[in-house]
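Colleague: Input protein28.txt, format and content: compact mmCIF, C-alpha atoms.
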# COMPACT_ATOMS: atom_id res chain seq x y z
CA MET E 1 -76.43 -66.79 -80.00
CA ASP E 2 -74.25 -69.77 -79.11
CA CYS E 3 -75.81 -73.21 -78.90
CA ILE E 4 -76.25 -74.38 -75.30
CA LEU E 5 -74.78 -77.67 -74.19
CA GLU E 6 -77.72 -78.80 -72.10
CA THR E 7 -80.25 -81.34 -73.32
CA ILE E 8 -83.84 -80.09 -73.41
CA GLY E 9 -86.86 -82.32 -72.81
CA PHE E 10 -90.59 -81.88 -73.37
CA ILE E 11 -93.10 -84.04 -71.56
CA GLY E 12 -96.08 -83.53 -73.83
CA GLY E 13 -95.72 -82.97 -77.55
CA GLY E 14 -98.52 -80.49 -78.27
CA ASN E 15 -98.56 -77.15 -80.07
CA MET E 16 -96.80 -75.13 -77.37
CA ALA E 17 -93.99 -77.64 -76.97
CA ARG E 18 -93.47 -77.71 -80.72
CA ALA E 19 -93.54 -73.91 -80.92
CA LEU E 20 -90.80 -73.59 -78.29
CA ALA E 21 -88.66 -76.36 -79.74
CA THR E 22 -88.95 -74.95 -83.26
CA CYS E 23 -87.74 -71.56 -82.05
CA PHE E 24 -84.84 -73.04 -80.04
CA ILE E 25 -83.68 -75.03 -83.08
CA GLU E 26 -84.14 -72.32 -85.72
CA LYS E 27 -82.42 -69.70 -83.56
CA GLY E 28 -79.48 -72.05 -83.01
CA ILE E 29 -79.94 -72.18 -79.24
CA VAL E 30 -80.31 -75.96 -79.01
CA ASP E 31 -79.23 -78.68 -81.42
CA ALA E 32 -82.23 -80.79 -82.48
CA LYS E 33 -80.33 -83.93 -81.47
CA LYS E 34 -80.25 -82.61 -77.89
CA ILE E 35 -84.04 -82.39 -77.64
CA TRP E 36 -86.20 -85.21 -76.28
CA VAL E 37 -89.99 -85.31 -76.54
CA SER E 38 -92.54 -87.69 -75.06
CA SER E 39 -96.21 -88.10 -75.83
CA ARG E 40 -99.01 -90.58 -75.21
CA THR E 41 -99.39 -91.43 -78.90
CA GLU E 42 -97.17 -92.13 -81.88
CA ASN E 43 -99.48 -89.94 -83.94
CA THR E 44 -98.40 -86.86 -81.98
CA LEU E 45 -94.73 -87.81 -82.14
CA GLN E 46 -94.93 -88.17 -85.93
CA LYS E 47 -95.41 -84.39 -86.12
CA TRP E 48 -91.98 -83.93 -84.54
CA ILE E 49 -90.06 -86.00 -87.07
CA PRO E 50 -89.36 -83.05 -89.43
CA LEU E 51 -87.55 -81.27 -86.59
CA GLY E 52 -85.08 -84.13 -86.18
CA VAL E 53 -85.53 -84.49 -82.41
CA ASN E 54 -85.56 -87.63 -80.26
CA THR E 55 -89.01 -89.01 -79.48
CA THR E 56 -90.33 -91.54 -76.98
CA LEU E 57 -93.58 -92.79 -75.47
CA VAL E 58 -91.89 -92.98 -72.04
CA ASN E 59 -92.08 -89.79 -69.94
CA GLY E 60 -89.38 -91.00 -67.58
CA GLU E 61 -86.92 -91.33 -70.44
CA VAL E 62 -87.26 -87.60 -71.17
CA ILE E 63 -86.41 -86.79 -67.56
CA LYS E 64 -83.49 -89.21 -67.59
CA LYS E 65 -82.02 -87.76 -70.79
CA SER E 66 -82.64 -84.03 -70.21
CA ASN E 67 -81.10 -81.26 -68.11
CA VAL E 68 -84.06 -78.92 -68.58
CA VAL E 69 -87.49 -80.55 -68.55
CA PHE E 70 -90.50 -78.69 -69.91
CA LEU E 71 -93.87 -79.84 -68.60
CA THR E 72 -96.07 -79.09 -71.60
CA ILE E 73 -99.03 -81.31 -70.74
CA LYS E 74 -102.63 -80.49 -69.87
CA PRO E 75 -103.04 -79.47 -66.20
CA GLN E 76 -105.51 -82.26 -65.53
CA VAL E 77 -103.00 -85.00 -66.40
CA LEU E 78 -100.19 -83.76 -64.12
CA ASP E 79 -100.94 -86.32 -61.42
CA ALA E 80 -100.96 -89.20 -63.90
CA VAL E 81 -97.69 -88.10 -65.50
CA ILE E 82 -95.92 -87.79 -62.14
CA GLU E 83 -97.19 -91.24 -61.14
CA ASP E 84 -95.90 -92.65 -64.42
CA VAL E 85 -92.48 -91.06 -63.88
CA CYS E 86 -92.35 -92.37 -60.30
CA GLN E 87 -92.80 -95.90 -61.60
CA PHE E 88 -90.05 -95.40 -64.17
CA LEU E 89 -87.55 -93.96 -61.67
CA GLU E 90 -88.54 -96.50 -58.98
CA SER E 91 -87.11 -94.38 -56.16
CA LYS E 92 -86.92 -90.67 -55.34
CA THR E 93 -83.51 -89.04 -55.53
CA TYR E 94 -81.97 -85.65 -56.25
CA LEU E 95 -82.33 -84.88 -59.95
CA ASP E 96 -79.92 -82.20 -61.15
CA LYS E 97 -82.48 -80.71 -63.48
CA VAL E 98 -84.63 -77.63 -63.96
CA PHE E 99 -88.35 -78.20 -64.42
CA VAL E 100 -90.18 -75.62 -66.53
CA SER E 101 -93.96 -75.74 -66.23
CA VAL E 102 -96.30 -74.15 -68.75
CA LEU E 103 -99.37 -75.70 -67.10
CA ALA E 104 -102.15 -73.13 -67.07
CA GLY E 105 -103.42 -72.28 -63.60
CA ILE E 106 -101.14 -74.65 -61.66
CA PRO E 107 -99.22 -72.66 -58.98
CA ILE E 108 -95.68 -73.33 -57.86
CA THR E 109 -96.88 -74.70 -54.51
CA ARG E 110 -98.74 -77.45 -56.36
CA LEU E 111 -95.89 -78.07 -58.80
CA LYS E 112 -93.42 -78.37 -55.94
CA LEU E 113 -95.65 -80.81 -54.08
CA LYS E 114 -95.94 -83.06 -57.14
CA LEU E 115 -92.29 -82.82 -58.22
CA GLU E 116 -91.16 -83.69 -54.71
CA GLU E 117 -92.60 -87.13 -55.41
CA ILE E 118 -89.78 -87.74 -57.89
CA THR E 119 -86.92 -85.50 -56.73
CA ILE E 120 -85.52 -83.77 -53.67
CA ASN E 121 -85.58 -79.94 -53.71
CA PRO E 122 -86.96 -79.44 -57.22
CA ARG E 123 -85.84 -76.35 -59.12
CA ILE E 124 -88.90 -74.89 -60.78
CA VAL E 125 -89.69 -72.31 -63.43
CA ARG E 126 -93.34 -71.46 -63.94
CA ALA E 127 -93.68 -69.94 -67.39
CA MET E 128 -96.48 -68.75 -69.65
CA PRO E 129 -95.45 -68.54 -73.34
CA ASN E 130 -97.63 -67.85 -76.36
CA THR E 131 -97.56 -69.54 -79.76
CA PRO E 132 -95.82 -66.69 -81.68
CA VAL E 133 -92.62 -67.84 -79.93
CA THR E 134 -92.32 -70.12 -82.97
CA LEU E 135 -91.33 -67.04 -84.99
CA GLY E 136 -89.27 -65.41 -82.25
CA GLU E 137 -92.06 -62.85 -81.87
CA GLY E 138 -93.67 -64.27 -78.76
CA ILE E 139 -93.93 -63.45 -75.08
CA ILE E 140 -92.84 -65.50 -72.10
CA VAL E 141 -93.50 -64.32 -68.57
CA TYR E 142 -92.07 -66.48 -65.83
CA CYS E 143 -91.13 -66.81 -62.17
CA LEU E 144 -88.51 -68.94 -60.41
CA ASP E 145 -88.50 -71.12 -57.31
CA GLY E 146 -85.55 -73.00 -55.82
CA THR E 147 -83.32 -72.18 -58.78
CA ASN E 148 -79.74 -70.94 -58.64
CA SER E 149 -78.03 -68.15 -60.56
CA SER E 150 -76.80 -70.53 -63.27
CA ASP E 151 -80.34 -71.76 -63.80
CA GLY E 152 -81.52 -68.18 -64.20
CA VAL E 153 -78.88 -67.44 -66.84
CA LEU E 154 -79.75 -70.62 -68.75
CA ILE E 155 -83.49 -69.97 -68.70
CA GLU E 156 -83.03 -66.37 -69.83
CA LYS E 157 -80.85 -67.53 -72.73
CA LEU E 158 -83.50 -70.05 -73.79
CA PHE E 159 -86.41 -67.66 -73.44
CA SER E 160 -84.77 -64.54 -74.88
CA CYS E 161 -84.67 -66.04 -78.38
CA THR E 162 -88.46 -66.37 -78.39
CA GLY E 163 -89.31 -62.66 -78.23
CA LEU E 164 -90.22 -60.52 -75.23
CA THR E 165 -89.49 -62.12 -71.83
CA GLU E 166 -89.87 -60.90 -68.29
CA ILE E 167 -89.65 -62.25 -64.75
CA VAL E 168 -92.86 -61.37 -62.89
CA PRO E 169 -94.40 -62.13 -59.49
CA GLU E 170 -96.35 -65.38 -59.57
CA SER E 171 -99.46 -63.46 -58.50
CA LEU E 172 -99.53 -61.91 -62.01
CA ILE E 173 -99.00 -65.10 -64.00
CA ASN E 174 -102.68 -65.98 -64.57
CA ALA E 175 -103.61 -62.44 -65.58
CA LEU E 176 -100.65 -62.14 -67.93
CA SER E 177 -101.39 -65.60 -69.30
CA ALA E 178 -104.84 -64.37 -70.31
CA LEU E 179 -103.33 -61.30 -71.98
CA CYS E 180 -100.26 -62.87 -73.58
CA GLY E 181 -101.15 -66.55 -73.90
CA SER E 182 -104.80 -66.24 -74.95
CA GLY E 183 -104.33 -62.81 -76.52
CA PRO E 184 -103.18 -64.15 -79.92
CA ALA E 185 -106.49 -66.01 -80.29
CA PHE E 186 -108.36 -62.77 -79.61
CA ALA E 187 -106.10 -60.99 -82.12
CA TYR E 188 -106.77 -63.63 -84.78
CA LEU E 189 -110.48 -63.08 -84.27
CA MET E 190 -109.96 -59.35 -84.83
CA ILE E 191 -107.89 -59.97 -87.95
CA GLU E 192 -110.60 -62.23 -89.29
CA ALA E 193 -113.31 -59.69 -88.50
CA LEU E 194 -111.37 -56.85 -90.16
CA SER E 195 -110.86 -59.07 -93.18
CA ASP E 196 -114.56 -59.97 -93.29
CA GLY E 197 -115.48 -56.30 -93.20
CA ALA E 198 -113.17 -55.52 -96.12
CA VAL E 199 -114.48 -58.51 -98.08
CA LYS E 200 -118.04 -57.27 -97.51
CA MET E 201 -117.01 -54.02 -99.13
CA GLY E 202 -115.51 -55.75 -102.17
CA VAL E 203 -111.87 -56.43 -101.26
CA PRO E 204 -110.57 -59.87 -102.35
CA ARG E 205 -110.09 -62.21 -99.38
CA GLY E 206 -106.34 -62.64 -99.86
CA LEU E 207 -105.66 -58.92 -99.85
CA ALA E 208 -108.10 -58.35 -96.99
CA THR E 209 -106.38 -60.89 -94.74
CA LYS E 210 -102.87 -59.75 -95.72
CA PHE E 211 -103.58 -56.14 -94.89
CA SER E 212 -105.69 -56.90 -91.80
CA SER E 213 -102.81 -58.78 -90.20
CA GLN E 214 -100.39 -55.98 -91.07
CA VAL E 215 -102.76 -53.46 -89.47
CA LEU E 216 -102.32 -55.22 -86.10
CA ILE E 217 -98.57 -55.62 -86.56
CA GLY E 218 -98.13 -51.96 -87.47
CA ALA E 219 -100.40 -50.68 -84.71
CA GLY E 220 -98.56 -52.75 -82.12
CA LYS E 221 -95.19 -51.46 -83.28
CA MET E 222 -96.48 -47.88 -83.17
CA VAL E 223 -97.38 -48.34 -79.50
CA GLN E 224 -93.99 -49.87 -78.72
CA LYS E 225 -91.82 -47.49 -80.74
CA THR E 226 -93.56 -44.19 -79.97
CA GLU E 227 -94.38 -45.09 -76.33
CA LYS E 228 -97.54 -43.04 -76.73
CA HIS E 229 -100.73 -44.08 -74.97
CA PRO E 230 -102.91 -46.21 -77.30
CA GLY E 231 -105.73 -43.72 -76.77
CA GLN E 232 -103.55 -40.89 -78.07
CA LEU E 233 -102.58 -42.89 -81.15
CA LYS E 234 -106.25 -43.68 -81.73
CA ASP E 235 -107.14 -39.99 -81.51
CA GLU E 236 -104.43 -39.15 -84.04
CA VAL E 237 -106.20 -41.38 -86.59
CA CYS E 238 -109.69 -40.06 -85.79
CA SER E 239 -109.96 -36.76 -87.66
CA PRO E 240 -112.90 -34.50 -86.69
CA GLY E 241 -115.91 -35.43 -88.77
CA GLY E 242 -113.87 -38.06 -90.60
CA THR E 243 -114.41 -41.67 -91.57
CA THR E 244 -112.51 -43.36 -88.71
CA ILE E 245 -114.51 -41.74 -85.92
CA CYS E 246 -117.69 -43.06 -87.55
CA GLY E 247 -116.23 -46.56 -87.44
CA MET E 248 -115.17 -46.07 -83.81
CA HIS E 249 -118.75 -45.10 -82.98
CA GLU E 250 -119.98 -48.42 -84.37
CA LEU E 251 -117.37 -50.35 -82.37
CA GLU E 252 -118.50 -48.61 -79.18
CA ASN E 253 -122.13 -49.39 -80.04
CA GLY E 254 -121.12 -53.02 -80.34
CA SER E 255 -119.39 -52.94 -76.93
CA VAL E 256 -116.14 -54.17 -78.47
CA ARG E 257 -114.05 -52.60 -75.71
CA ALA E 258 -116.18 -54.16 -72.94
CA SER E 259 -116.18 -57.53 -74.71
CA ILE E 260 -112.38 -57.63 -74.85
CA ILE E 261 -112.13 -56.69 -71.17
CA ASN E 262 -114.67 -59.40 -70.35
CA ALA E 263 -112.72 -61.93 -72.40
CA ILE E 264 -109.55 -61.27 -70.37
CA GLU E 265 -111.50 -61.50 -67.10
CA ALA E 266 -113.17 -64.77 -68.10
CA THR E 267 -109.84 -66.28 -69.14
CA VAL E 268 -108.20 -65.35 -65.83
CA LYS E 269 -111.10 -66.78 -63.83
CA LYS E 270 -110.84 -70.05 -65.75
CA ALA E 271 -107.10 -70.24 -65.03
CA ASP E 272 -107.73 -69.53 -61.35
CA SER E 273 -110.28 -72.37 -61.25
CA LEU E 274 -107.71 -74.90 -62.50
CA ALA E 275 -105.67 -74.69 -59.31
CA PRO E 276 -106.56 -77.43 -56.80
CA LYS E 277 -108.56 -76.14 -53.85
Using the file provided, produce a representation of the structure as structure tokens.

Modeller:
Amino acid sequence: MDCILETIGFIGGGNMARALATCFIEKGIVDAKKIWVSSRTENTLQKWIPLGVNTTLVNGEVIKKSNVVFLTIKPQVLDAVIEDVCQFLESKTYLDKVFVSVLAGIPITRLKLKLEEITINPRIVRAMPNTPVTLGEGIIVYCLDGTNSSDGVLIEKLFSCTGLTEIVPESLINALSALCGSGPAFAYLMIEALSDGAVKMGVPRGLATKFSSQVLIGAGKMVQKTEKHPGQLKDEVCSPGGTTICGMHELENGSVRASIINAIEATVKKADSLAPK
């Protein structure tokens, strides 16, 4: 892919911001010198030095220097960040920029209300990425508001290098955030549990973890490549009277399926609760 000319900014220098920036740089989409990052502490910004990006403690400077501004802060500090930017800009004007929010649970209506404090007619992208975007194996679901066709092309170019991307209705964002954004954490737990089980049965930890992670990678690719229902693929592994069906019986006894469903539901409910009433 060709490197884009726009300058990219991140207000908030946490794990997600670093994951996205790392992918943009390594895939050659954005030159590191065209990336600006702000954070509350120098300690956080120190972690960005190896990437060769520009860093600052001033949020308003990121907005001033960038064409695309990622809001990668915690939802609860949105008000404080907007107030800080207002003081930096001193007066509201039209900012020819696209604002990309990855704030969990914060709807576009709220984002628009807050961004209108610093700019006229804000162009907004509400996106939910997950951390595997660092490797180009992630997922980003997103929706657009007030953007133009050029914005859409730019955002798709940025996001497409990170893995699987799709525009979805905003009504699905929280549910897909639970599946895609929180899902890796649930998958890591499963990898760890599979590894623990193998270790219990005498497999060295290194081998157990290596193969446990590959089990999830391979199973996922089987679902994608064959387009078979996961239940059908499961049945193809479970031979009558065999070893796998005995293991499946234990998983059902432990309510693993129900626990995973409950985890998704709990995550969505938490995201819903973050939106101001």

Colleague: One number please: CA of Val30 in chain E to CA of Glu6 in chain E, in Å, one decimal.

Modeller: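 Rounded to one decimal, the two atoms are 7.9 Å apart.
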
Colleague: What does the distance between CA of Met16 in chain E and CA of Gly138 in chain E come to in Å, to one decimal place?

Modeller: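 One can read the CA of Met16 in chain E to CA of Gly138 in chain E distance as 11.4 Å.
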
Colleague: Please indicate the distance in Å from CA of Ile140 in chain E to CA of Gly181 in chain E, rounded to one decimal place.

Modeller: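 Going from CA of Ile140 in chain E over to CA of Gly181 in chain E, I get 8.6 Å.
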
Colleague: Neighbours of Asp145 in chain E within 12 Å (only C-alpha atoms; same-chain residues fewer than 2 positions away dropped), as a VMD selection string?

Modeller: chain E and resid 98 to 101 107 to 109 111 to 112 121 to 127 142 to 143 147 to 149 151 to 152 167 169 to 170

Colleague: Which polymer residues have any atom within 10 Å of an atom of range 213-228 of chain E, counting all atoms listed in the file, with same-chain residues fewer than 6 positions away left out, as number ranges by chain?

Modeller: E: 187-188, 190-192, 194-195, 234

Colleague: Excluding same-chain residues fewer than 4 positions from Ile4 in chain E, what lies within 12 Å of it counting all atoms listed in the file, as a list in words?

Modeller: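 What passes the distance filter is Ile8, Phe24, Ile25, Lys27, Gly28, Ile29, Val30, Asp31, Ala32, Lys34, Ile35, Asn67, Val68, Val153, Leu154, Ile155, Glu156, Lys157 and Leu158 of chain E.
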
Colleague: I need every residue sitting at most 8 Å from the point (-89.1, -82.2, -67.0) (coordinates as in the file, only C-alpha atoms considered), written as number ranges by chain.

Modeller: E: 9-11, 62-63, 66, 68-71, 97-100

Colleague: Using only C-alpha atoms and a cutoff of 12 Å, can you tell me which residues are near (-87.9, -90.9, -73.3) in the file's coordinates, and write them out as a PyMOL selection string?

Modeller: chain E and resi 8-13+35-40+45+53-66+69+85+88

Colleague: Nearest to Asp79 in chain E: which of E:Leu172, E:Pro276, E:Cys161, E:Tyr94 is it, counting only C-alpha atoms?

Modeller: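 Comparing E:Leu172, E:Pro276, E:Cys161, E:Tyr94 against Asp79 in chain E, the winner is E:Pro276.
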
Colleague: As a list in words, please: the residues near Asp196 in chain E (cut-off 8 Å, only C-alpha atoms, same-chain neighbours under 4 positions excluded).

Modeller: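 The neighbour list is Glu192, Lys200, Arg205 and Ala208 of chain E.
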
Colleague: Kindly indicate which residue among E:Thr22, E:Val168, E:Leu189, E:Ser160 lies nearest to Leu144 in chain E, using only C-alpha atoms for the distances.

Modeller: E:Val168
